[in-house]
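Single-structure report; data block below.
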Amino acid sequence: MTSATGPTTPPPAGSADAASARNGPAAQNGFAERLSATTLLRFATAGSVDDGKSTLVGRLLHDSKSVLADQLEAVEHASRNRGQDTPDLALLTDGLRAEREQGITIDVAYRYFATPRRRFILADTPGHVQYTRNMVTGASTAELAVVLVDARNGVVEQTRRHAAVAALLRVPHVVLAVNKMDLAEYAEPVFAAIAEEFTAYASDLGIPEITAIPISALAGDNVVEPSAHMDWYGGPTVLEHLETVPVGQDQANRPARFPVQYVIRPGTAAYPDYRGYAGQIASGVLRVGDPVTVLPSGRTSTIAAIDALGTGSGPGTAVDIAWAPQSVTLRLADDLDISRGDLIAPSANAPATTREVEATVCHVADTPLTVGQRVLLKHTTRTVKAIVQDIPSRLTLDNLSQHPAPGKLVANDIGRVRVRTAEPLALDAYADSRRTGSFLLIDPADGTTLSAGMAGDAFADGAATQAAAGTADDEGWDF
């Protein structure tokens with residue numbers, strides 16, 4: 001569930017950090033270019049079957065001129081072969097043969113497009129209950145979720161399920177797209193009733209921001225262009241909202257976290273004593289001179305230098321400040337034993353280390369997750385052995401109730417687990433950091449991903465039963 005290298009997020013405009021970034025050594029290396037790279041939004045679509053998710057995505061791509069000519073030609077050809085007079089824009093995202101044959105979305109379809117104001121990574125996720133794990137995968141790194149509702153059906157069980165998953169994953173912005181308004185005669189009362197019901201439910205889940213937009217993906221109303229049929233609506237179109245919603249600020253405002261990916265030791269004549277720790281800043285801001293602690297060892301030092309990607313022949317270009325999610329190399333004042341998987345954090349607010357992990361997980365594998373199972377736990381760049389000590393409950397997304405002591409989790413289940421690790425982890429609560437509060441449970445036999453986890457209470461009930469004491473194990477898996 002960790003995200004790939006993303007855009008640079010600068011300090012708030014007008015701050016001392018911003019001034020330092022503009023006037024310091026980073027200036028000659030293109031601060032303006034890095035500033036322009038902040039306009040990336042990752043978002044996901046969700047909704048019930050036949051609510052029009054893929055059609056909305058196709059309309060968004062088509063009307064924003066983000067479809068290549070050969071792609072559109074292929075869609076037109078496929079549509080004619082199916083006896084359709086107009087292009088079926090859903091085919092722009094439903095790429096699997098089974099999806100096109102059944103007219104449904106099965107896998108997560110990622111699309112990349114851009115407008116003059118912002119770049120986008122879009123995850124079109126499936127609507128079926130049995131593909132809940134796919135929706136979790138697509139929304140795990142999203143900063144916004146678009147939940148579609150058929151105006152004729154209103155808020156249904158699957159709508160509530162997807163809202164609950166968005167709340168569980170701490171997606172900060174949710175758009176309610178009331179689709180097929182053309183089939184509801186563009187009636188304002190229909191839209192208002194659906195918007196009121198969904199907003200009340202989503203607010204109870206703790207979703208901080210909800211925006212309702214009436215649309216017709218098939219006709220293009222309020223997707224990219226304002227609708228001529230709904231003059232009673234004065235809000236933004238879907239694209240206008242996507243272009244203007246604030247994103248990327250939380251990472252820079254949180255405590256700094258730097259998972260070490262690689263230790264750089266050139267050993268060349270030009271850099272005989274260079275020792276750098278490369279990685280991507282998961283959150284916060286790092287500055288030269290900051291006192292830091294290396295976890296899980298607890299050793300302390302000071303940031304002596306920060307090397308950003310440069311064009312010279314050396315390891316990088318020295319800068320005074322760096323922020324999430326930049327990829328940089330840190331140099332410390334002391335020679336410490338640091339390797340891949342260690343976490344560098346400010347000494348003043350370093351996370352506590354633990355071997356007892358309580359979390360909510362979404363089980364994604366076809367084989368079940370059971371009590372006593374041996375797994376590998378991957379947190380940021382660190383992978384350790386672990387044992388599933390207990391599965392206190394399974395979440396019923398239909399009514400948000402907890403089914404106690406299920407004994408196991410099967411594919412698409414979301415439940416509470418208690419895991420004990422062989423080595424300590426510097427784990428944040430998922431509610432505090434989506435990046436350093438998430439982890440994967442992996443099958444040690446074949447490397448299959450079993451579950452995606454969110455540490456702490458997250459969305460599920462924090463109450464859990466006391467874990468039973470472990471029993472001896474001849475292979476060293478009893479922790």
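To be explicit about the labels: the chains of the structure tokens are called A, B, and onward in the order shown, and within each one the residues are counted from 1, while ligands get numbers from 1 in the order they are shown.
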Quiz item: What's the 6 Å shell around Val294 in chain A, counting only C-alpha atoms, without same-chain residues fewer than 4 positions away, as a ChimeraX atom specification?
Solution: /A:298-299,343-344
Practice problem: Find the distance between CA of Ile264 in chain A and CA of Val288 in chain A and write it in Å to one decimal. | Solution: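 So the answer is 18.4 Å.
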Ala365 in chain A surroundings by only C-alpha atoms, 8 Å radius, close-in-sequence under 3 positions cut, as a PDB file with N, CA, C and O atoms, in the first residue's frame:
ATOM      1  N   PRO A 368      -7.098 -18.258   2.838  1.00  0.00           N
ATOM      2  CA  PRO A 368      -7.493 -17.490   4.020  1.00  0.00           C
ATOM      3  C   PRO A 368      -6.310 -17.126   4.909  1.00  0.00           C
ATOM      4  O   PRO A 368      -5.247 -17.755   4.859  1.00  0.00           O
ATOM      5  N   VAL A 410     -11.183 -14.429   4.787  1.00  0.00           N
ATOM      6  CA  VAL A 410     -11.095 -14.911   3.414  1.00  0.00           C
ATOM      7  C   VAL A 410     -11.041 -13.715   2.473  1.00  0.00           C
ATOM      8  O   VAL A 410     -11.124 -12.560   2.908  1.00  0.00           O
ATOM      9  N   ALA A 411     -10.889 -13.986   1.200  1.00  0.00           N
ATOM     10  CA  ALA A 411     -10.732 -12.922   0.212  1.00  0.00           C
ATOM     11  C   ALA A 411     -11.845 -11.889   0.317  1.00  0.00           C
ATOM     12  O   ALA A 411     -13.022 -12.238   0.440  1.00  0.00           O
ATOM     13  N   THR A 448       3.453 -14.279  -2.055  1.00  0.00           N
ATOM     14  CA  THR A 448       2.127 -13.766  -2.378  1.00  0.00           C
ATOM     15  C   THR A 448       1.670 -12.765  -1.314  1.00  0.00           C
ATOM     16  O   THR A 448       1.823 -13.012  -0.120  1.00  0.00           O
ATOM     17  N   THR A 449       1.101 -11.648  -1.765  1.00  0.00           N
ATOM     18  CA  THR A 449       0.526 -10.688  -0.818  1.00  0.00           C
ATOM     19  C   THR A 449      -0.766 -11.268  -0.258  1.00  0.00           C
ATOM     20  O   THR A 449      -1.671 -11.648  -1.001  1.00  0.00           O
ATOM     21  N   LEU A 450      -0.847 -11.334   1.072  1.00  0.00           N
ATOM     22  CA  LEU A 450      -2.018 -11.900   1.729  1.00  0.00           C
ATOM     23  C   LEU A 450      -3.016 -10.820   2.136  1.00  0.00           C
ATOM     24  O   LEU A 450      -4.198 -10.918   1.835  1.00  0.00           O
ATOM     25  N   SER A 451      -2.538  -9.790   2.835  1.00  0.00           N
ATOM     26  CA  SER A 451      -3.425  -8.757   3.361  1.00  0.00           C
ATOM     27  C   SER A 451      -2.740  -7.408   3.311  1.00  0.00           C
ATOM     28  O   SER A 451      -1.510  -7.313   3.405  1.00  0.00           O
TER      29      SER A 451
END
Practice problem: For Leu441 in chain A, work out the shell of residues within 10 Å, counting only C-alpha atoms and skipping chain neighbours fewer than 3 positions away, then give it as a PyMOL selection string. | Solution: chain A and resi 361+363-364+369+374-379+383-388+419+444+447-453
Self-check item: Atomic distance CA of Ala333 in chain A - CA of Ala304 in chain A, expressed in Å with one decimal
Solution: 5.1 Å
Exercise. Kindly give the distance, in Å, that separates CA of Ala269 in chain A and CA of Asp335 in chain A, rounded to a single decimal.
Key: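 Separating CA of Ala269 in chain A from CA of Asp335 in chain A is a distance of 19.4 Å.
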Practice problem: Please provide as a VMD selection string all residues within 8 Å of range 252-261 of chain A, with the sequence filter that same-chain residues fewer than 4 positions apart are discarded (counting only C-alpha atoms). | Solution: chain A and resid 9 to 11 248 277 to 286 323 to 324 339 to 346 349 380 to 381 433 436
DSSP on the backbone: what in range 152-307 of chain A comes out strand (DSSP E or B), as a CSV table (one decimal) with all heavy atoms, in the first residue's frame?
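What ended up in states-v1.csv:
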chain,number,residue,atom,x,y,z
A,173,HIS,N,-11.0,13.4,0.6
A,173,HIS,CA,-12.0,14.1,-0.2
A,173,HIS,C,-12.9,13.0,-0.9
A,173,HIS,O,-12.3,12.1,-1.6
A,173,HIS,CB,-11.4,15.0,-1.3
A,173,HIS,CG,-10.4,15.9,-0.7
A,173,HIS,ND1,-10.7,17.1,0.0
A,173,HIS,CD2,-9.0,15.9,-0.7
A,173,HIS,CE1,-9.6,17.7,0.3
A,173,HIS,NE2,-8.6,17.0,-0.1
A,174,VAL,N,-14.2,13.2,-0.8
A,174,VAL,CA,-15.1,12.3,-1.5
A,174,VAL,C,-16.1,13.1,-2.3
A,174,VAL,O,-16.6,14.1,-1.9
A,174,VAL,CB,-15.9,11.4,-0.5
A,174,VAL,CG1,-17.0,10.6,-1.2
A,174,VAL,CG2,-14.9,10.4,0.2
A,175,VAL,N,-16.2,12.7,-3.6
A,175,VAL,CA,-17.2,13.3,-4.5
A,175,VAL,C,-18.4,12.3,-4.7
A,175,VAL,O,-18.1,11.2,-5.1
A,175,VAL,CB,-16.6,13.7,-5.9
A,175,VAL,CG1,-17.7,14.1,-6.8
A,175,VAL,CG2,-15.5,14.7,-5.7
A,176,LEU,N,-19.6,12.7,-4.4
A,176,LEU,CA,-20.8,12.0,-4.8
A,176,LEU,C,-21.2,12.4,-6.1
A,176,LEU,O,-21.7,13.5,-6.3
A,176,LEU,CB,-21.9,12.2,-3.7
A,176,LEU,CG,-23.2,11.6,-4.1
A,176,LEU,CD1,-23.1,10.0,-4.1
A,176,LEU,CD2,-24.3,12.1,-3.2
A,177,ALA,N,-21.1,11.5,-7.1
A,177,ALA,CA,-21.5,11.8,-8.5
A,177,ALA,C,-22.9,11.2,-8.7
A,177,ALA,O,-22.9,9.9,-8.9
A,177,ALA,CB,-20.5,11.4,-9.5
A,178,VAL,N,-24.0,11.9,-8.7
A,178,VAL,CA,-25.3,11.4,-8.9
A,178,VAL,C,-25.5,11.3,-10.4
A,178,VAL,O,-25.8,12.3,-11.1
A,178,VAL,CB,-26.4,12.2,-8.3
A,178,VAL,CG1,-27.7,11.6,-8.5
A,178,VAL,CG2,-26.1,12.4,-6.8
A,179,ASN,N,-25.3,10.1,-11.0
A,179,ASN,CA,-25.2,9.8,-12.4
A,179,ASN,C,-26.6,9.5,-13.0
A,179,ASN,O,-27.6,9.3,-12.2
A,179,ASN,CB,-24.3,8.7,-12.7
A,179,ASN,CG,-23.9,8.6,-14.2
A,179,ASN,OD1,-24.0,9.6,-14.9
A,179,ASN,ND2,-23.5,7.4,-14.6
A,209,GLU,N,-14.6,15.7,4.0
A,209,GLU,CA,-15.2,16.6,2.9
A,209,GLU,C,-16.0,15.8,1.9
A,209,GLU,O,-15.4,14.8,1.3
A,209,GLU,CB,-14.0,17.3,2.2
A,209,GLU,CG,-14.5,18.3,1.1
A,209,GLU,CD,-13.3,19.0,0.4
A,209,GLU,OE1,-12.6,19.8,1.1
A,209,GLU,OE2,-13.1,18.7,-0.7
A,210,ILE,N,-17.2,16.2,1.6
A,210,ILE,CA,-18.1,15.5,0.7
A,210,ILE,C,-18.6,16.6,-0.3
A,210,ILE,O,-19.2,17.6,0.2
A,210,ILE,CB,-19.2,14.8,1.4
A,210,ILE,CG1,-18.7,13.9,2.5
A,210,ILE,CG2,-20.1,14.1,0.4
A,210,ILE,CD1,-19.6,13.7,3.6
A,211,THR,N,-18.5,16.3,-1.6
A,211,THR,CA,-19.0,17.3,-2.6
A,211,THR,C,-19.9,16.5,-3.5
A,211,THR,O,-19.6,15.5,-4.1
A,211,THR,CB,-17.8,17.8,-3.4
A,211,THR,OG1,-16.9,18.5,-2.6
A,211,THR,CG2,-18.4,18.8,-4.5
A,212,ALA,N,-21.2,16.9,-3.6
A,212,ALA,CA,-22.2,16.2,-4.5
A,212,ALA,C,-22.3,17.0,-5.8
A,212,ALA,O,-22.5,18.2,-5.8
A,212,ALA,CB,-23.5,16.2,-3.7
A,213,ILE,N,-22.3,16.2,-6.9
A,213,ILE,CA,-22.4,16.8,-8.2
A,213,ILE,C,-23.4,16.0,-9.0
A,213,ILE,O,-23.2,14.8,-9.2
A,213,ILE,CB,-21.1,16.8,-8.9
A,213,ILE,CG1,-20.0,17.6,-8.1
A,213,ILE,CG2,-21.2,17.5,-10.3
A,213,ILE,CD1,-18.6,17.5,-8.7
A,214,PRO,N,-24.5,16.6,-9.6
A,214,PRO,CA,-25.4,15.9,-10.5
A,214,PRO,C,-24.8,15.8,-11.9
A,214,PRO,O,-24.4,16.8,-12.5
A,214,PRO,CB,-26.6,16.7,-10.5
A,214,PRO,CG,-26.1,18.1,-10.2
A,214,PRO,CD,-24.9,18.0,-9.4
A,216,SER,N,-24.6,13.5,-15.9
A,216,SER,CA,-25.0,12.4,-16.9
A,216,SER,C,-23.7,12.1,-17.6
A,216,SER,O,-23.3,12.8,-18.5
A,216,SER,CB,-26.1,12.8,-17.8
A,216,SER,OG,-26.2,11.9,-18.8
A,221,ASP,N,-23.2,15.8,-19.2
A,221,ASP,CA,-23.7,16.9,-18.3
A,221,ASP,C,-22.8,16.9,-17.1
A,221,ASP,O,-22.7,16.0,-16.3
A,221,ASP,CB,-25.1,16.7,-17.9
A,221,ASP,CG,-26.1,16.8,-19.1
A,221,ASP,OD1,-26.3,17.9,-19.6
A,221,ASP,OD2,-26.6,15.7,-19.6
A,225,GLU,N,-18.0,19.8,-19.1
A,225,GLU,CA,-18.7,21.0,-19.5
A,225,GLU,C,-20.0,21.1,-18.6
A,225,GLU,O,-20.6,20.1,-18.3
A,225,GLU,CB,-19.1,21.0,-20.9
A,225,GLU,CG,-17.9,20.9,-21.9
A,225,GLU,CD,-17.0,22.2,-21.8
A,225,GLU,OE1,-17.5,23.2,-21.4
A,225,GLU,OE2,-15.8,22.0,-22.2
A,257,ARG,N,9.4,11.5,8.3
A,257,ARG,CA,9.7,10.0,8.3
A,257,ARG,C,10.5,9.7,7.0
A,257,ARG,O,10.1,10.1,5.9
A,257,ARG,CB,8.5,9.2,8.3
A,257,ARG,CG,7.6,9.4,9.5
A,257,ARG,CD,8.2,8.9,10.8
A,257,ARG,NE,7.3,9.0,11.9
A,257,ARG,CZ,7.3,9.9,12.8
A,257,ARG,NH1,8.3,10.9,12.7
A,257,ARG,NH2,6.5,9.9,13.8
A,258,PHE,N,11.7,9.0,7.2
A,258,PHE,CA,12.6,8.8,6.0
A,258,PHE,C,13.0,7.3,6.1
A,258,PHE,O,13.9,6.9,6.7
A,258,PHE,CB,13.8,9.7,6.1
A,258,PHE,CG,14.7,9.5,4.9
A,258,PHE,CD1,14.4,10.1,3.6
A,258,PHE,CD2,15.9,8.8,5.0
A,258,PHE,CE1,15.3,9.9,2.5
A,258,PHE,CE2,16.7,8.6,3.9
A,258,PHE,CZ,16.4,9.2,2.7
A,259,PRO,N,12.2,6.4,5.4
A,259,PRO,CA,12.7,5.0,5.3
A,259,PRO,C,13.9,4.9,4.4
A,259,PRO,O,13.9,5.3,3.2
A,259,PRO,CB,11.4,4.3,4.7
A,259,PRO,CG,10.3,5.3,4.8
A,259,PRO,CD,11.0,6.6,4.7
A,262,TYR,N,18.5,2.5,0.4
A,262,TYR,CA,19.7,2.0,-0.1
A,262,TYR,C,20.9,2.8,0.5
A,262,TYR,O,20.7,4.1,0.7
A,262,TYR,CB,19.8,2.2,-1.6
A,262,TYR,CG,21.0,1.6,-2.3
A,262,TYR,CD1,21.1,0.2,-2.4
A,262,TYR,CD2,22.0,2.4,-2.9
A,262,TYR,CE1,22.2,-0.4,-3.0
A,262,TYR,CE2,23.1,1.8,-3.5
A,262,TYR,CZ,23.2,0.5,-3.6
A,262,TYR,OH,24.3,-0.1,-4.2
A,263,VAL,N,22.0,2.2,0.9
A,263,VAL,CA,23.2,2.9,1.4
A,263,VAL,C,24.1,3.1,0.2
A,263,VAL,O,24.5,2.1,-0.4
A,263,VAL,CB,23.8,2.1,2.5
A,263,VAL,CG1,25.0,2.8,3.0
A,263,VAL,CG2,22.8,1.8,3.6
A,264,ILE,N,24.5,4.3,0.0
A,264,ILE,CA,25.4,4.7,-1.1
A,264,ILE,C,26.8,4.9,-0.6
A,264,ILE,O,27.1,5.7,0.3
A,264,ILE,CB,24.9,6.0,-1.8
A,264,ILE,CG1,23.5,5.8,-2.4
A,264,ILE,CG2,25.9,6.4,-2.9
A,264,ILE,CD1,23.0,7.0,-3.1
A,276,GLY,N,26.0,7.8,2.2
A,276,GLY,CA,24.7,8.4,2.1
A,276,GLY,C,23.6,7.4,2.2
A,276,GLY,O,23.8,6.2,1.9
A,277,TYR,N,22.5,7.8,2.7
A,277,TYR,CA,21.3,7.0,2.8
A,277,TYR,C,20.2,7.5,1.9
A,277,TYR,O,19.6,8.5,2.2
A,277,TYR,CB,20.9,7.0,4.3
A,277,TYR,CG,22.1,6.7,5.2
A,277,TYR,CD1,22.7,7.7,5.9
A,277,TYR,CD2,22.6,5.4,5.3
A,277,TYR,CE1,23.8,7.4,6.8
A,277,TYR,CE2,23.7,5.1,6.1
A,277,TYR,CZ,24.3,6.2,6.8
A,277,TYR,OH,25.4,5.9,7.6
A,278,ALA,N,19.9,6.7,0.9
A,278,ALA,CA,19.0,7.1,-0.1
A,278,ALA,C,17.6,6.6,0.2
A,278,ALA,O,17.4,5.5,0.7
A,278,ALA,CB,19.4,6.6,-1.5
A,279,GLY,N,16.6,7.4,-0.2
A,279,GLY,CA,15.2,7.0,0.0
A,279,GLY,C,14.2,8.1,-0.4
A,279,GLY,O,14.7,9.2,-0.8
A,280,GLN,N,13.0,7.8,-0.2
A,280,GLN,CA,11.9,8.8,-0.4
A,280,GLN,C,11.3,9.3,0.9
A,280,GLN,O,11.0,8.4,1.8
A,280,GLN,CB,10.8,8.2,-1.3
A,280,GLN,CG,9.7,9.2,-1.6
A,280,GLN,CD,8.5,8.6,-2.3
A,280,GLN,OE1,8.3,7.4,-2.1
A,280,GLN,NE2,7.8,9.3,-3.1
A,283,SER,N,7.0,11.6,4.8
A,283,SER,CA,6.2,12.7,5.3
A,283,SER,C,7.1,13.7,5.9
A,283,SER,O,8.3,13.4,6.3
A,283,SER,CB,5.2,12.2,6.3
A,283,SER,OG,5.8,11.6,7.5
A,285,VAL,N,9.2,17.4,6.7
A,285,VAL,CA,10.3,18.2,6.1
A,285,VAL,C,11.6,17.9,6.9
A,285,VAL,O,11.6,17.8,8.1
A,285,VAL,CB,10.0,19.7,6.3
A,285,VAL,CG1,11.2,20.6,5.7
A,285,VAL,CG2,8.7,20.1,5.5
A,286,LEU,N,12.7,17.7,6.1
A,286,LEU,CA,14.0,17.5,6.7
A,286,LEU,C,14.9,18.7,6.4
A,286,LEU,O,14.9,19.1,5.2
A,286,LEU,CB,14.6,16.2,6.2
A,286,LEU,CG,13.9,14.9,6.6
A,286,LEU,CD1,14.5,13.7,5.9
A,286,LEU,CD2,14.0,14.7,8.1
A,287,ARG,N,15.7,19.1,7.3
A,287,ARG,CA,16.7,20.2,7.1
A,287,ARG,C,18.1,19.8,7.6
A,287,ARG,O,18.2,19.0,8.5
A,287,ARG,CB,16.2,21.5,7.9
A,287,ARG,CG,14.8,21.9,7.6
A,287,ARG,CD,14.4,23.0,8.6
A,287,ARG,NE,13.0,23.4,8.4
A,287,ARG,CZ,12.0,22.8,8.9
A,287,ARG,NH1,12.1,21.7,9.6
A,287,ARG,NH2,10.7,23.2,8.7
A,291,PRO,N,18.5,17.3,14.5
A,291,PRO,CA,18.8,16.1,15.2
A,291,PRO,C,17.9,15.0,14.8
A,291,PRO,O,16.7,15.2,14.8
A,291,PRO,CB,18.6,16.5,16.7
A,291,PRO,CG,18.5,18.0,16.7
A,291,PRO,CD,18.0,18.4,15.3
A,292,VAL,N,18.4,13.8,14.5
A,292,VAL,CA,17.6,12.7,14.1
A,292,VAL,C,17.9,11.4,14.9
A,292,VAL,O,19.0,11.3,15.5
A,292,VAL,CB,17.7,12.4,12.6
A,292,VAL,CG1,17.2,13.6,11.8
A,292,VAL,CG2,19.2,12.1,12.2
A,293,THR,N,16.9,10.5,14.9
A,293,THR,CA,17.1,9.2,15.5
A,293,THR,C,16.9,8.1,14.5
A,293,THR,O,16.0,8.2,13.6
A,293,THR,CB,16.1,9.0,16.7
A,293,THR,OG1,16.3,10.0,17.7
A,293,THR,CG2,16.2,7.6,17.3
A,294,VAL,N,17.7,7.1,14.5
A,294,VAL,CA,17.6,6.0,13.6
A,294,VAL,C,16.9,4.8,14.3
A,294,VAL,O,17.3,4.4,15.4
A,294,VAL,CB,19.0,5.5,13.1
A,294,VAL,CG1,18.9,4.4,12.1
A,294,VAL,CG2,19.8,6.7,12.4
A,295,LEU,N,15.8,4.4,13.7
A,295,LEU,CA,15.1,3.3,14.3
A,295,LEU,C,15.1,2.0,13.4
A,295,LEU,O,15.2,2.1,12.2
A,295,LEU,CB,13.6,3.8,14.4
A,295,LEU,CG,13.4,5.0,15.3
A,295,LEU,CD1,12.0,5.5,15.2
A,295,LEU,CD2,13.7,4.7,16.8
A,299,ARG,N,19.8,4.9,17.7
A,299,ARG,CA,21.0,5.7,17.7
A,299,ARG,C,20.6,7.1,17.2
A,299,ARG,O,19.7,7.3,16.4
A,299,ARG,CB,22.1,5.1,16.8
A,299,ARG,CG,22.6,3.7,17.3
A,299,ARG,CD,23.7,3.2,16.4
A,299,ARG,NE,24.1,1.9,16.9
A,299,ARG,CZ,23.7,0.7,16.4
A,299,ARG,NH1,22.7,0.7,15.5
A,299,ARG,NH2,24.2,-0.4,16.9
A,300,THR,N,21.4,8.1,17.6
A,300,THR,CA,21.1,9.5,17.3
A,300,THR,C,22.3,10.1,16.5
A,300,THR,O,23.4,9.7,16.7
A,300,THR,CB,20.8,10.3,18.5
A,300,THR,OG1,21.9,10.3,19.4
A,300,THR,CG2,19.5,9.8,19.2
A,301,SER,N,21.9,11.1,15.7
A,301,SER,CA,22.9,11.9,15.0
A,301,SER,C,22.3,13.2,14.5
A,301,SER,O,21.2,13.6,15.0
A,301,SER,CB,23.5,11.1,13.8
A,301,SER,OG,24.6,11.8,13.2
A,302,THR,N,23.0,13.9,13.6
A,302,THR,CA,22.5,15.1,13.0
A,302,THR,C,22.6,15.1,11.5
A,302,THR,O,23.6,14.5,11.0
A,302,THR,CB,23.3,16.3,13.6
A,302,THR,OG1,23.2,16.3,15.0
A,302,THR,CG2,22.8,17.6,13.0
A,303,ILE,N,21.7,15.6,10.8
A,303,ILE,CA,21.7,15.7,9.3
A,303,ILE,C,22.9,16.6,8.9
A,303,ILE,O,22.8,17.8,9.2
A,303,ILE,CB,20.4,16.1,8.7
A,303,ILE,CG1,19.3,15.1,9.1
A,303,ILE,CG2,20.6,16.2,7.2
A,303,ILE,CD1,17.9,15.4,8.5
A,304,ALA,N,23.9,16.1,8.3
A,304,ALA,CA,25.0,16.9,7.9
A,304,ALA,C,24.8,17.5,6.5
A,304,ALA,O,25.3,18.6,6.2
A,304,ALA,CB,26.3,16.1,8.0
A,305,ALA,N,24.1,16.7,5.7
A,305,ALA,CA,23.9,17.2,4.3
A,305,ALA,C,22.7,16.5,3.7
A,305,ALA,O,22.4,15.4,4.1
A,305,ALA,CB,25.2,17.0,3.4
A,306,ILE,N,22.1,17.1,2.7
A,306,ILE,CA,21.0,16.5,2.0
A,306,ILE,C,21.3,16.6,0.5
A,306,ILE,O,21.6,17.8,0.0
A,306,ILE,CB,19.6,17.2,2.2
A,306,ILE,CG1,19.3,17.1,3.7
A,306,ILE,CG2,18.5,16.5,1.4
A,306,ILE,CD1,18.0,17.9,4.1
A,307,ASP,N,21.4,15.5,-0.2
A,307,ASP,CA,21.7,15.6,-1.6
A,307,ASP,C,20.5,15.2,-2.4
A,307,ASP,O,19.9,14.2,-2.3
A,307,ASP,CB,22.8,14.5,-2.0
A,307,ASP,CG,24.2,14.9,-1.3
A,307,ASP,OD1,24.4,16.1,-1.1
A,307,ASP,OD2,24.9,14.0,-0.9
Quiz item: Using only C-alpha atoms, which of A:Met454, A:Ile321, A:Ala44, A:Val49 sits nearest Arg111 in chain A?
Solution: A:Ala44
Quiz prompt | Nearest candidate to Ala192 in chain A (options A:Val319, A:Gln389, A:Asp124, A:Ala151; using only C-alpha atoms) | solution =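 Nearest to Ala192 in chain A: A:Ala151.
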Practice problem: Find, counting only C-alpha atoms, the residue in A:Ala359, A:Arg434, A:Asp150, A:Leu60 that gets nearest to Pro172 in chain A. | Solution: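 Under the stated criterion, the closest residue is A:Arg434.
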Quiz item: Which of these, A:Asn134, A:Thr421, A:Ser64, A:Thr39, has the shortest distance to Arg355 in chain A once you count only C-alpha atoms?
Solution: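 Counting only C-alpha atoms, the residue closest to Arg355 in chain A is A:Thr421.
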If we count only C-alpha atoms, what is near Ala123 in chain A at a cut-off of 8 Å, once residues fewer than 6 positions away on the same chain are taken out, given as a compact mmCIF listing (two decimals) with all heavy atoms, in the first residue's frame?
# COMPACT_ATOMS: atom_id res chain seq x y z
N ARG A 42 -4.09 11.94 -7.30
CA ARG A 42 -4.45 10.53 -7.43
C ARG A 42 -5.90 10.38 -6.96
O ARG A 42 -6.20 10.75 -5.83
CB ARG A 42 -3.53 9.65 -6.58
CG ARG A 42 -2.06 9.72 -6.95
CD ARG A 42 -1.23 8.97 -5.92
NE ARG A 42 0.19 9.07 -6.19
CZ ARG A 42 0.91 8.21 -6.92
NH1 ARG A 42 0.29 7.15 -7.42
NH2 ARG A 42 2.18 8.38 -7.12
N PHE A 43 -6.75 9.85 -7.81
CA PHE A 43 -8.13 9.65 -7.38
C PHE A 43 -8.68 8.34 -7.91
O PHE A 43 -8.13 7.74 -8.85
CB PHE A 43 -9.02 10.83 -7.79
CG PHE A 43 -9.34 10.93 -9.26
CD1 PHE A 43 -10.57 10.49 -9.74
CD2 PHE A 43 -8.44 11.48 -10.15
CE1 PHE A 43 -10.88 10.60 -11.09
CE2 PHE A 43 -8.75 11.60 -11.50
CZ PHE A 43 -9.98 11.16 -11.97
N ALA A 44 -9.73 7.85 -7.25
CA ALA A 44 -10.33 6.56 -7.61
C ALA A 44 -11.82 6.73 -7.80
O ALA A 44 -12.44 7.61 -7.19
CB ALA A 44 -10.06 5.53 -6.52
N THR A 45 -12.39 5.91 -8.66
CA THR A 45 -13.84 5.88 -8.84
C THR A 45 -14.39 4.59 -8.24
O THR A 45 -13.74 3.55 -8.25
CB THR A 45 -14.22 5.96 -10.33
OG1 THR A 45 -13.65 4.83 -11.03
CG2 THR A 45 -13.71 7.25 -10.94
N VAL A 108 -8.65 -3.30 -11.51
CA VAL A 108 -8.44 -1.86 -11.36
C VAL A 108 -7.76 -1.35 -12.62
O VAL A 108 -6.69 -1.83 -13.00
CB VAL A 108 -7.57 -1.55 -10.13
CG1 VAL A 108 -7.37 -0.04 -9.99
CG2 VAL A 108 -8.22 -2.11 -8.87
N ALA A 109 -8.39 -0.39 -13.29
CA ALA A 109 -7.82 0.18 -14.51
C ALA A 109 -7.22 1.55 -14.18
O ALA A 109 -7.91 2.43 -13.68
CB ALA A 109 -8.90 0.33 -15.59
N TYR A 110 -5.92 1.68 -14.41
CA TYR A 110 -5.25 2.95 -14.13
C TYR A 110 -5.12 3.75 -15.43
O TYR A 110 -4.76 3.20 -16.47
CB TYR A 110 -3.86 2.71 -13.54
CG TYR A 110 -3.90 2.18 -12.13
CD1 TYR A 110 -3.82 0.81 -11.87
CD2 TYR A 110 -4.01 3.04 -11.04
CE1 TYR A 110 -3.87 0.33 -10.58
CE2 TYR A 110 -4.05 2.57 -9.74
CZ TYR A 110 -3.97 1.20 -9.52
OH TYR A 110 -4.02 0.72 -8.23
N ARG A 111 -5.45 5.03 -15.34
CA ARG A 111 -5.32 5.91 -16.49
C ARG A 111 -4.59 7.17 -16.06
O ARG A 111 -4.76 7.66 -14.94
CB ARG A 111 -6.71 6.26 -17.06
CG ARG A 111 -7.42 5.11 -17.73
CD ARG A 111 -6.68 4.63 -18.96
NE ARG A 111 -7.33 3.49 -19.60
CZ ARG A 111 -7.03 2.22 -19.35
NH1 ARG A 111 -6.11 1.94 -18.45
NH2 ARG A 111 -7.65 1.25 -19.96
N GLY A 138 -7.09 0.16 -5.30
CA GLY A 138 -7.13 1.39 -6.08
C GLY A 138 -7.22 2.64 -5.25
O GLY A 138 -6.68 3.69 -5.60
N ALA A 139 -7.92 2.54 -4.11
CA ALA A 139 -8.13 3.73 -3.28
C ALA A 139 -7.08 3.93 -2.21
O ALA A 139 -7.08 4.96 -1.53
CB ALA A 139 -9.52 3.65 -2.62
